[in-house]
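Text of my_file-v5.txt, listed as compact mmCIF, C-alpha atoms and all ligand atoms:
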# COMPACT_ATOMS: atom_id res chain seq x y z
CA MET P 1 0.00 0.00 0.00
CA ILE P 2 2.75 2.45 1.00
CA VAL P 3 5.62 2.75 -1.47
CA ILE P 4 8.76 4.87 -0.95
CA ASP P 5 10.44 6.23 -4.09
CA GLU P 6 14.12 5.69 -3.27
CA ASN P 7 15.18 8.19 -5.93
CA ARG P 8 13.21 10.99 -4.24
CA CYS P 9 13.42 10.09 -0.54
CA SER P 10 15.73 12.37 1.51
CA HIS P 11 15.53 10.04 4.53
CA ASP P 12 14.42 12.95 6.72
CA GLY P 13 12.09 10.64 8.67
CA LEU P 14 9.14 13.04 8.47
CA CYS P 15 6.79 10.27 7.32
CA VAL P 16 8.06 7.87 10.00
CA ARG P 17 7.37 10.36 12.78
CA ASP P 18 3.97 11.43 11.43
CA CYS P 19 2.41 8.01 10.83
CA PRO P 20 -0.24 7.55 13.56
CA ALA P 21 -0.15 3.76 13.23
CA ALA P 22 3.64 3.28 13.23
CA CYS P 23 3.60 1.68 9.78
CA LEU P 24 7.02 3.09 8.88
CA LYS P 25 10.43 2.76 10.52
CA MET P 26 14.01 3.86 9.85
CA VAL P 27 16.31 0.94 9.03
CA ASP P 28 19.98 1.77 8.45
CA GLY P 29 19.03 5.42 7.78
CA LYS P 30 16.35 4.53 5.23
CA VAL P 31 12.57 4.55 5.46
CA SER P 32 11.11 1.08 5.46
CA VAL P 33 7.47 -0.04 5.46
CA ARG P 34 6.55 -2.60 8.13
CA ALA P 35 5.33 -5.85 6.60
CA ASP P 36 2.28 -6.00 8.88
CA ALA P 37 1.56 -2.24 8.64
CA PRO P 38 -1.88 -1.51 10.21
CA CYS P 39 -2.33 1.37 7.75
CA LEU P 40 -5.34 3.68 8.29
CA LYS P 41 -4.96 5.09 4.76
CA CYS P 42 -4.98 8.54 6.32
CA GLY P 43 -2.33 9.69 3.84
CA HIS P 44 -0.22 11.57 6.40
CA CYS P 45 2.96 9.98 5.04
CA VAL P 46 2.09 11.30 1.57
CA ALA P 47 0.91 14.71 2.82
CA VAL P 48 3.97 15.43 4.96
CA CYS P 49 6.67 14.52 2.41
CA PRO P 50 8.10 17.64 0.70
CA GLN P 51 9.80 15.47 -1.95
CA ALA P 52 6.60 13.62 -2.97
CA ALA P 53 8.53 10.43 -2.32
CA VAL P 54 5.66 8.50 -0.72
CA SER P 55 2.70 7.01 -2.53
CA LEU P 56 -0.31 5.22 -1.10
CA ASP P 57 -2.37 2.66 -3.00
CA GLY P 58 -0.64 3.56 -6.26
CA GLN P 59 -1.73 7.22 -6.22
CA ASP P 60 0.70 9.64 -7.83
CA PRO P 61 1.71 12.12 -5.05
CA ASP P 62 2.49 14.79 -7.67
CA ALA P 63 -1.15 14.67 -8.77
CA LEU P 64 -2.50 15.53 -5.30
CA PRO P 65 -3.68 19.11 -4.58
CA ARG P 66 -1.30 21.40 -2.67
CA VAL P 67 -2.41 22.81 0.69
CA SER P 68 -3.81 26.38 0.42
CA PRO P 69 -3.31 29.02 3.13
CA LEU P 70 -5.91 28.55 5.88
CA PRO P 71 -8.50 31.27 6.68
CA ALA P 72 -7.30 33.78 9.27
CA GLU P 73 -8.58 33.55 12.85
CA GLU P 74 -10.68 36.67 12.27
CA ALA P 75 -12.54 35.02 9.38
CA MET P 76 -13.20 31.83 11.33
CA THR P 77 -14.30 33.81 14.40
CA ALA P 78 -16.75 35.81 12.29
CA LEU P 79 -18.12 32.59 10.77
CA ILE P 80 -18.62 30.86 14.12
CA ARG P 81 -19.93 33.82 16.14
CA GLY P 82 -22.12 35.10 13.31
CA HIS P 83 -23.67 31.68 12.66
CA ARG P 84 -27.39 31.59 13.50
CA SER P 85 -29.98 28.85 13.13
CA ILE P 86 -32.21 29.77 10.21
CA ARG P 87 -35.91 29.01 10.51
CA GLN P 88 -37.31 31.15 7.70
CA PHE P 89 -36.49 29.92 4.24
CA GLU P 90 -37.30 31.06 0.72
CA GLU P 91 -39.32 28.52 -1.25
CA ARG P 92 -36.82 28.22 -4.10
CA PRO P 93 -34.77 25.00 -4.02
CA LEU P 94 -31.07 24.70 -3.35
CA PRO P 95 -29.25 23.64 -6.50
CA ARG P 96 -27.97 20.07 -6.14
CA GLU P 97 -24.69 21.23 -7.63
CA LEU P 98 -24.15 23.52 -4.62
CA LEU P 99 -24.85 20.75 -2.11
CA LEU P 100 -22.60 18.39 -4.05
CA ARG P 101 -19.79 20.94 -3.86
CA ALA P 102 -20.25 21.29 -0.10
CA LEU P 103 -20.40 17.53 0.51
CA ASP P 104 -17.37 17.04 -1.70
CA THR P 105 -15.44 19.28 0.72
CA VAL P 106 -16.92 17.89 3.93
CA ARG P 107 -15.58 14.41 3.08
CA TYR P 108 -12.28 15.79 4.40
CA ALA P 109 -13.74 16.02 7.93
CA PRO P 110 -11.92 13.69 10.31
CA THR P 111 -13.31 10.26 11.18
CA GLY P 112 -12.15 8.02 14.02
CA LYS P 113 -9.44 5.65 12.66
CA ASN P 114 -10.10 7.30 9.29
CA VAL P 115 -12.95 4.85 8.67
CA GLU P 116 -14.72 7.38 6.41
CA ASN P 117 -18.05 5.72 7.17
CA VAL P 118 -20.35 8.76 6.87
CA ARG P 119 -22.89 8.63 4.09
CA TRP P 120 -25.46 11.27 3.23
CA LEU P 121 -29.20 11.35 2.87
CA VAL P 122 -30.77 14.44 1.30
CA LEU P 123 -34.52 14.93 1.65
CA ASP P 124 -34.79 17.04 -1.45
CA GLY P 125 -38.05 18.96 -1.84
CA ARG P 126 -41.14 19.57 0.24
CA GLN P 127 -42.84 16.27 -0.62
CA ALA P 128 -39.99 14.16 0.81
CA LEU P 129 -39.71 16.48 3.82
CA MET P 130 -43.41 16.41 4.65
CA ARG P 131 -43.53 12.60 4.36
CA ALA P 132 -40.74 12.47 6.94
CA ALA P 133 -42.32 15.23 9.08
CA ASP P 134 -45.64 13.30 9.24
CA ALA P 135 -43.78 10.23 10.53
CA VAL P 136 -41.77 12.29 13.02
CA VAL P 137 -44.89 13.97 14.42
CA ASN P 138 -46.67 10.61 14.71
CA THR P 139 -43.99 9.56 17.23
CA MET P 140 -44.77 12.69 19.28
CA ARG P 141 -48.52 12.38 19.62
CA ASP P 142 -48.49 10.71 23.05
CA LYS P 143 -45.46 12.57 24.40
CA PRO P 144 -45.99 15.27 27.03
CA GLY P 145 -44.38 18.62 26.24
CA LEU P 146 -44.66 18.23 22.47
CA GLU P 147 -48.35 19.17 22.12
CA GLY P 148 -47.46 22.52 20.56
CA VAL P 149 -45.29 20.89 17.90
CA VAL P 150 -48.02 18.37 17.05
CA ARG P 151 -50.66 21.12 16.90
CA ALA P 152 -48.55 23.31 14.64
CA HIS P 153 -47.88 20.39 12.29
CA ASP P 154 -51.57 19.42 12.17
CA ARG P 155 -52.48 23.03 11.34
CA GLY P 156 -50.24 22.84 8.28
CA HIS P 157 -47.12 24.54 9.66
CA ASP P 158 -43.76 22.82 9.61
CA PRO P 159 -42.16 22.83 13.08
CA ILE P 160 -39.96 19.88 12.11
CA PHE P 161 -38.20 21.23 9.01
CA ARG P 162 -39.24 24.90 9.27
CA GLY P 163 -40.35 25.14 5.65
CA ALA P 164 -36.83 24.42 4.33
CA PRO P 165 -36.48 23.17 0.75
CA CYS P 166 -34.19 20.34 1.82
CA ALA P 167 -32.64 18.56 4.78
CA VAL P 168 -29.29 16.78 4.86
CA PHE P 169 -28.57 13.87 7.19
CA ALA P 170 -25.17 12.40 8.07
CA CYS P 171 -25.81 8.68 8.36
CA ALA P 172 -23.82 5.55 9.13
CA GLU P 173 -24.26 1.93 10.07
CA GLU P 174 -24.28 1.39 13.80
CA GLY P 175 -21.60 -0.77 15.32
CA TYR P 176 -18.45 1.33 15.75
CA HIS P 177 -18.26 3.39 18.94
CA LEU P 178 -17.16 6.57 17.10
CA THR P 179 -19.83 6.39 14.39
CA ALA P 180 -22.15 9.00 15.92
CA ALA P 181 -19.16 11.30 16.50
CA ASN P 182 -18.08 10.92 12.87
CA CYS P 183 -21.55 11.92 11.65
CA ILE P 184 -21.87 14.85 14.05
CA ILE P 185 -18.44 16.19 13.09
CA ALA P 186 -19.18 15.89 9.36
CA LEU P 187 -22.49 17.68 9.79
CA SER P 188 -20.91 20.39 11.96
CA TRP P 189 -18.38 21.08 9.26
CA LEU P 190 -21.17 21.23 6.67
CA ASP P 191 -23.00 23.60 9.00
CA LEU P 192 -20.04 25.98 8.85
CA LEU P 193 -19.34 25.61 5.15
CA LEU P 194 -22.90 26.15 3.90
CA PRO P 195 -23.34 29.63 5.47
CA ALA P 196 -19.97 30.58 3.91
CA MET P 197 -21.63 29.62 0.59
CA GLY P 198 -24.62 31.85 1.36
CA VAL P 199 -26.91 29.02 2.54
CA GLY P 200 -28.95 29.12 5.76
CA THR P 201 -28.99 26.06 8.05
CA CYS P 202 -30.64 24.76 11.20
CA TRP P 203 -30.03 21.48 13.02
CA ALA P 204 -32.94 19.06 12.70
CA GLY P 205 -33.01 17.72 16.25
CA TYR P 206 -36.65 16.68 16.25
CA ALA P 207 -36.24 14.64 13.08
CA VAL P 208 -32.99 12.98 14.18
CA GLY P 209 -34.33 12.19 17.66
CA ALA P 210 -37.41 10.51 16.22
CA ALA P 211 -35.51 8.68 13.46
CA LEU P 212 -32.98 7.19 15.88
CA HIS P 213 -35.82 5.59 17.86
CA SER P 214 -38.34 4.72 15.16
CA GLU P 215 -37.88 2.46 12.17
CA LYS P 216 -41.12 3.89 10.73
CA VAL P 217 -39.53 7.34 10.64
CA ARG P 218 -36.36 5.96 9.05
CA LEU P 219 -38.42 4.18 6.39
CA ALA P 220 -40.38 7.38 5.71
CA MET P 221 -37.01 9.05 5.18
CA GLY P 222 -35.92 6.29 2.82
CA LEU P 223 -33.41 4.64 5.19
CA LYS P 224 -33.20 0.88 5.45
CA GLY P 225 -31.38 -1.66 7.60
CA LYS P 226 -28.82 -0.57 10.15
CA VAL P 227 -28.18 2.86 8.62
CA MET P 228 -28.90 5.55 11.21
CA PRO P 229 -29.18 9.31 10.71
CA PHE P 230 -26.99 10.52 13.59
CA ALA P 231 -27.17 14.21 12.64
CA GLY P 232 -29.26 16.36 10.31
CA LEU P 233 -29.64 19.93 9.06
CA MET P 234 -32.34 21.88 7.26
CA ALA P 235 -30.78 23.97 4.50
CA GLY P 236 -32.03 26.64 2.15
CA TRP P 237 -31.90 30.31 1.19
CA SER P 238 -32.47 32.40 4.30
CA LYS P 239 -35.18 35.05 4.41
CA VAL P 240 -33.49 36.60 7.47
CA ARG P 241 -30.32 38.61 8.01
CA TYR P 242 -29.03 39.16 11.55
CA ALA P 243 -27.59 42.51 12.58
CA ARG P 244 -26.15 41.54 15.95
CA ILE P 245 -24.56 38.60 17.76
CA PRO P 246 -26.63 37.54 20.79
CA VAL P 247 -25.17 36.89 24.25
CA ARG P 248 -23.86 33.42 25.08
CA ARG P 249 -22.54 32.03 28.38
CA GLN P 250 -18.85 32.35 29.13
CA PRO P 251 -16.96 29.09 28.55
CA ASP P 252 -16.97 26.79 31.58
CA ILE P 253 -13.38 25.55 31.70
CA THR P 254 -11.59 23.28 34.13
CA TRP P 255 -7.83 23.43 33.73
CA ALA P 256 -6.51 20.16 35.07
CA SER P 257 -2.75 20.42 35.23
CA GLU P 258 -1.60 18.28 38.14
C1 LIG P 301 -28.34 19.20 18.15
C2 LIG P 301 -29.25 20.35 17.82
C3 LIG P 301 -30.56 20.11 17.47
C4 LIG P 301 -31.40 21.18 17.13
N1 LIG P 301 -32.66 20.91 16.68
C5 LIG P 301 -33.46 21.93 16.29
C6 LIG P 301 -34.76 21.65 15.74
O1 LIG P 301 -35.19 20.49 15.61
N2 LIG P 301 -35.51 22.71 15.35
C7 LIG P 301 -35.08 24.00 15.47
O2 LIG P 301 -35.81 24.90 15.11
N3 LIG P 301 -33.85 24.28 15.99
C8 LIG P 301 -33.03 23.29 16.37
N4 LIG P 301 -31.77 23.56 16.85
C9 LIG P 301 -31.29 24.93 16.91
C10 LIG P 301 -31.10 25.47 18.35
O3 LIG P 301 -32.35 25.75 18.90
C11 LIG P 301 -30.19 26.70 18.25
O4 LIG P 301 -28.90 26.29 17.87
C12 LIG P 301 -30.08 27.48 19.56
O5 LIG P 301 -31.33 28.00 19.92
C13 LIG P 301 -29.08 28.63 19.44
O6 LIG P 301 -29.42 29.51 18.38
P1 LIG P 301 -28.35 29.83 17.24
O7 LIG P 301 -28.01 28.52 16.57
O8 LIG P 301 -29.03 30.77 16.30
O9 LIG P 301 -27.15 30.43 17.88
C14 LIG P 301 -30.92 22.52 17.19
C15 LIG P 301 -29.59 22.74 17.55
C16 LIG P 301 -28.77 21.68 17.86
C17 LIG P 301 -27.33 21.96 18.19
What do you get writing this file as structure tokens?
Amino acid sequence: MIVIDENRCSHDGLCVRDCPAACLKMVDGKVSVRADAPCLKCGHCVAVCPQAAVSLDGQDPDALPRVSPLPAEEAMTALIRGHRSIRQFEERPLPRELLLRALDTVRYAPTGKNVENVRWLVLDGRQALMRAADAVVNTMRDKPGLEGVVRAHDRGHDPIFRGAPCAVFACAEEGYHLTAANCIIALSWLDLLLPAMGVGTCWAGYAVGAALHSEKVRLAMGLKGKVMPFAGLMAGWSKVRYARIPVRRQPDITWASE
């Protein structure tokens, strides 16, 4: 899987030190690949090598994109602090091409052991959303505290998806203890990228909560078998613009140093 180009390698050991799974070692001053390498295919050995001397699974390292300068702290701070949940959407749909672009970037979000097990479900259009919303609300009918949500739905409002033109769910098969984390991270990254592309978002907690507990809801969403939607977002063109950043609690931090 990992091949070192002897003609390019400077034997600086960068790849050896950066491999999280200790697949590489220095032998007589040269990089050598362990026979039983438990490779995660994370590509750190390829990414870190300035000489493009490492290749993984036959990929040409020269063909890989170069790293661009990262956004400045100020830009990231503005994105995070200025991010608001959008609950008023224009009716016009989001172009699939735009969502594809965003999901194509979000596949670079980290996953535990680099398992890359997140897959996406897009409820695209009001018909698919309302079919799912009906199923979600049906799980709420006997639950105290949710009467207002049920009433609003039955009166033709949409408290579940807030009238959005689509909803995106990060899904995965259950069975690996970091699966939910992988989905939540991927969706969080999408939730930051989409507003930077001009798209409004809001987490779909009602829908995810119901879908995790009800196969009927999952079927209404088009999910089968062990695939679970661990995180979901409504997305669409926002009708609202916010002028100010509201107050949030100060961070509660415990510094444990000894
Ligand atoms: C996990 C999660 C689930 C949420 N589910 C919903 C939801 O189902 N419907 C909704 O309108 N807002 C939902 N929200 C949005 C929160 O209410 C919102 O983030 C919070 O009120 C703070 O507002 P802000 O995001 O504009 O800062 C959810 C947020 C999170 C993080």
Excluding Val67 (chain P) and its own-chain neighbours fewer than 3 positions away, which residues fall within 10 Å of it when counting all atoms listed in the file? Please give them as a PDB file with C-alpha atoms, keeping the file's coordinate frame.
ATOM      1  CA  ALA P  47       0.910  14.710   2.820  1.00  0.00           C
ATOM      2  CA  LEU P  64      -2.500  15.530  -5.300  1.00  0.00           C
ATOM      3  CA  LEU P  70      -5.910  28.550   5.880  1.00  0.00           C
TER       4      LEU P  70
END
With the cut-off set at 8 Å and counting only C-alpha atoms, tabulate each residue of region 54-106 of chain P with an atom at most that distance from an atom of region 173-195 of chain P, showing the nearest atom pair and its distance in Å to one decimal, ordered by chain and increasing number, as a tab-separated table.
residue	atom	partner	partner_atom	distance
P:Leu79	CA	P:Leu192	CA	7.1
P:Ile80	CA	P:Leu192	CA	7.3
P:His83	CA	P:Pro195	CA	7.5
P:Ala102	CA	P:Leu194	CA	6.8
P:Leu103	CA	P:Leu190	CA	7.2
P:Val106	CA	P:Leu190	CA	6.1
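Around ligand LIG 301 (chain P), the neighbouring residues within 6 Å, taking all atoms listed in the file, come to Arg84, Ser85, Ile160, Cys202, Trp203, Ala204, Gly205 and Tyr206 of chain P.
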Choose the residue, out of P:Ala133, P:Pro61, P:Ala128, P:Gly232, that has the smallest atom-to-atom separation from Ala152 (chain P); count all atoms listed in the file.
-> P:Ala133
Contact residues around Arg244 (chain P) with only C-alpha atoms at 9 Å, ignoring same-chain residues under 2 positions, as a ChimeraX atom specification | /P:82,242,246
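For the pair CA of Met221 (chain P) and CA of Gly236 (chain P), the interatomic distance is 18.5 Å.
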By how many Å are CA of Met197 (chain P) and CA of Trp237 (chain P) apart?
-> 10.3 Å
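CA of Arg96 (chain P) is found 16.4 Å from CA of Ala170 (chain P).
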Surrounding residues of Asp62 (chain P) excluding itself and chain neighbours under 5 positions, 12 Å, all atoms listed in the file, as a VMD selection string | chain P and resid 8 46 to 47 49 to 56
Near-Gly148 (chain P) list (12 Å; only C-alpha atoms; drop same-chain fewer than 5 positions) as a short mmCIF file (atom, residue, chain, number, x, y, z; two decimals) with C-alpha atoms, keeping the file's coordinate frame:
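Output file out.cif is given in full below:
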data_model
loop_
_atom_site.label_atom_id
_atom_site.label_comp_id
_atom_site.auth_asym_id
_atom_site.auth_seq_id
_atom_site.Cartn_x
_atom_site.Cartn_y
_atom_site.Cartn_z
CA VAL P 137 -44.89 13.97 14.42
CA MET P 140 -44.77 12.69 19.28
CA ARG P 141 -48.52 12.38 19.62
CA LYS P 143 -45.46 12.57 24.40
CA HIS P 153 -47.88 20.39 12.29
CA ASP P 154 -51.57 19.42 12.17
CA ARG P 155 -52.48 23.03 11.34
CA HIS P 157 -47.12 24.54 9.66
CA ASP P 158 -43.76 22.82 9.61
CA PRO P 159 -42.16 22.83 13.08
CA ILE P 160 -39.96 19.88 12.11
#
With distances taken over all atoms listed in the file, the candidate from P:Val27, P:Cys15, P:Val136, P:Val199 nearest Ile86 (chain P) is P:Val199
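Candidate residues P:Cys23, P:Ala172, P:Val227, P:Ala63 were compared for distance to Asn117 (chain P), and the nearest is P:Ala172, using all atoms listed in the file.
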So which one's closest to Gln59 (chain P), P:Ala37, P:Ile4, P:Lys113, P:Asp104? Using all atoms listed in the file, please.
-> P:Ile4
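Closest to Ala132 (chain P) among P:Ala211, P:Val118, P:Val247, P:Leu98 is P:Ala211, based on all atoms listed in the file.
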Got a sec: who's within 10 Å of Pro20 (chain P), counting all atoms listed in the file, leaving out chain neighbours fewer than 3 positions off, as a list of chain:residue names?
-> P:Cys15, P:Val16, P:Arg17, P:Cys23, P:Leu24, P:Pro38, P:Cys39, P:Leu40, P:Cys42, P:His44, P:Cys45, P:Lys113
Filled-in N, CA and C atoms of region 107-127 of chain P, supplied as an mmCIF file, keeping the file's coordinate frame:
data_model
loop_
_atom_site.group_PDB
_atom_site.id
_atom_site.type_symbol
_atom_site.label_atom_id
_atom_site.label_comp_id
_atom_site.auth_asym_id
_atom_site.auth_seq_id
_atom_site.Cartn_x
_atom_site.Cartn_y
_atom_site.Cartn_z
ATOM 1 N N ARG P 107 -16.151 15.757 2.948
ATOM 2 C CA ARG P 107 -15.580 14.410 3.080
ATOM 3 C C ARG P 107 -14.181 14.454 3.673
ATOM 4 N N TYR P 108 -13.594 15.652 3.767
ATOM 5 C CA TYR P 108 -12.280 15.790 4.400
ATOM 6 C C TYR P 108 -12.379 15.965 5.914
ATOM 7 N N ALA P 109 -13.587 15.967 6.459
ATOM 8 C CA ALA P 109 -13.740 16.020 7.930
ATOM 9 C C ALA P 109 -13.124 14.756 8.527
ATOM 10 N N PRO P 110 -12.563 14.873 9.726
ATOM 11 C CA PRO P 110 -11.920 13.690 10.310
ATOM 12 C C PRO P 110 -12.933 12.623 10.715
ATOM 13 N N THR P 111 -12.496 11.364 10.641
ATOM 14 C CA THR P 111 -13.310 10.260 11.180
ATOM 15 C C THR P 111 -12.389 9.404 12.045
ATOM 16 N N GLY P 112 -12.941 8.866 13.126
ATOM 17 C CA GLY P 112 -12.150 8.020 14.020
ATOM 18 C C GLY P 112 -11.526 6.879 13.232
ATOM 19 N N LYS P 113 -10.203 6.672 13.400
ATOM 20 C CA LYS P 113 -9.440 5.650 12.660
ATOM 21 C C LYS P 113 -9.565 5.814 11.156
ATOM 22 N N ASN P 114 -9.943 7.005 10.725
ATOM 23 C CA ASN P 114 -10.100 7.300 9.290
ATOM 24 C C ASN P 114 -11.020 6.298 8.589
ATOM 25 N N VAL P 115 -12.082 5.869 9.277
ATOM 26 C CA VAL P 115 -12.950 4.850 8.670
ATOM 27 C C VAL P 115 -13.812 5.401 7.544
ATOM 28 N N GLU P 116 -13.969 6.720 7.490
ATOM 29 C CA GLU P 116 -14.720 7.380 6.410
ATOM 30 C C GLU P 116 -16.078 6.676 6.178
ATOM 31 N N ASN P 117 -16.805 6.497 7.277
ATOM 32 C CA ASN P 117 -18.050 5.720 7.170
ATOM 33 C C ASN P 117 -19.311 6.587 7.107
ATOM 34 N N VAL P 118 -19.154 7.894 6.921
ATOM 35 C CA VAL P 118 -20.350 8.760 6.870
ATOM 36 C C VAL P 118 -20.932 8.733 5.456
ATOM 37 N N ARG P 119 -22.213 8.500 5.381
ATOM 38 C CA ARG P 119 -22.890 8.630 4.090
ATOM 39 C C ARG P 119 -24.037 9.629 4.263
ATOM 40 N N TRP P 120 -24.530 10.146 3.163
ATOM 41 C CA TRP P 120 -25.460 11.270 3.230
ATOM 42 C C TRP P 120 -26.831 10.908 2.706
ATOM 43 N N LEU P 121 -27.826 11.442 3.374
ATOM 44 C CA LEU P 121 -29.200 11.350 2.870
ATOM 45 C C LEU P 121 -29.698 12.781 2.708
ATOM 46 N N VAL P 122 -30.196 13.107 1.521
ATOM 47 C CA VAL P 122 -30.770 14.440 1.300
ATOM 48 C C VAL P 122 -32.258 14.282 1.045
ATOM 49 N N LEU P 123 -33.080 14.854 1.929
ATOM 50 C CA LEU P 123 -34.520 14.930 1.650
ATOM 51 C C LEU P 123 -34.673 16.179 0.803
ATOM 52 N N ASP P 124 -34.900 15.969 -0.477
ATOM 53 C CA ASP P 124 -34.790 17.040 -1.450
ATOM 54 C C ASP P 124 -36.195 17.431 -1.924
ATOM 55 N N GLY P 125 -36.722 18.517 -1.412
ATOM 56 C CA GLY P 125 -38.050 18.960 -1.840
ATOM 57 C C GLY P 125 -39.086 18.747 -0.756
ATOM 58 N N ARG P 126 -40.145 19.542 -0.827
ATOM 59 C CA ARG P 126 -41.140 19.570 0.240
ATOM 60 C C ARG P 126 -41.890 18.251 0.401
ATOM 61 N N GLN P 127 -42.083 17.520 -0.720
ATOM 62 C CA GLN P 127 -42.840 16.270 -0.620
ATOM 63 C C GLN P 127 -42.096 15.265 0.284
#
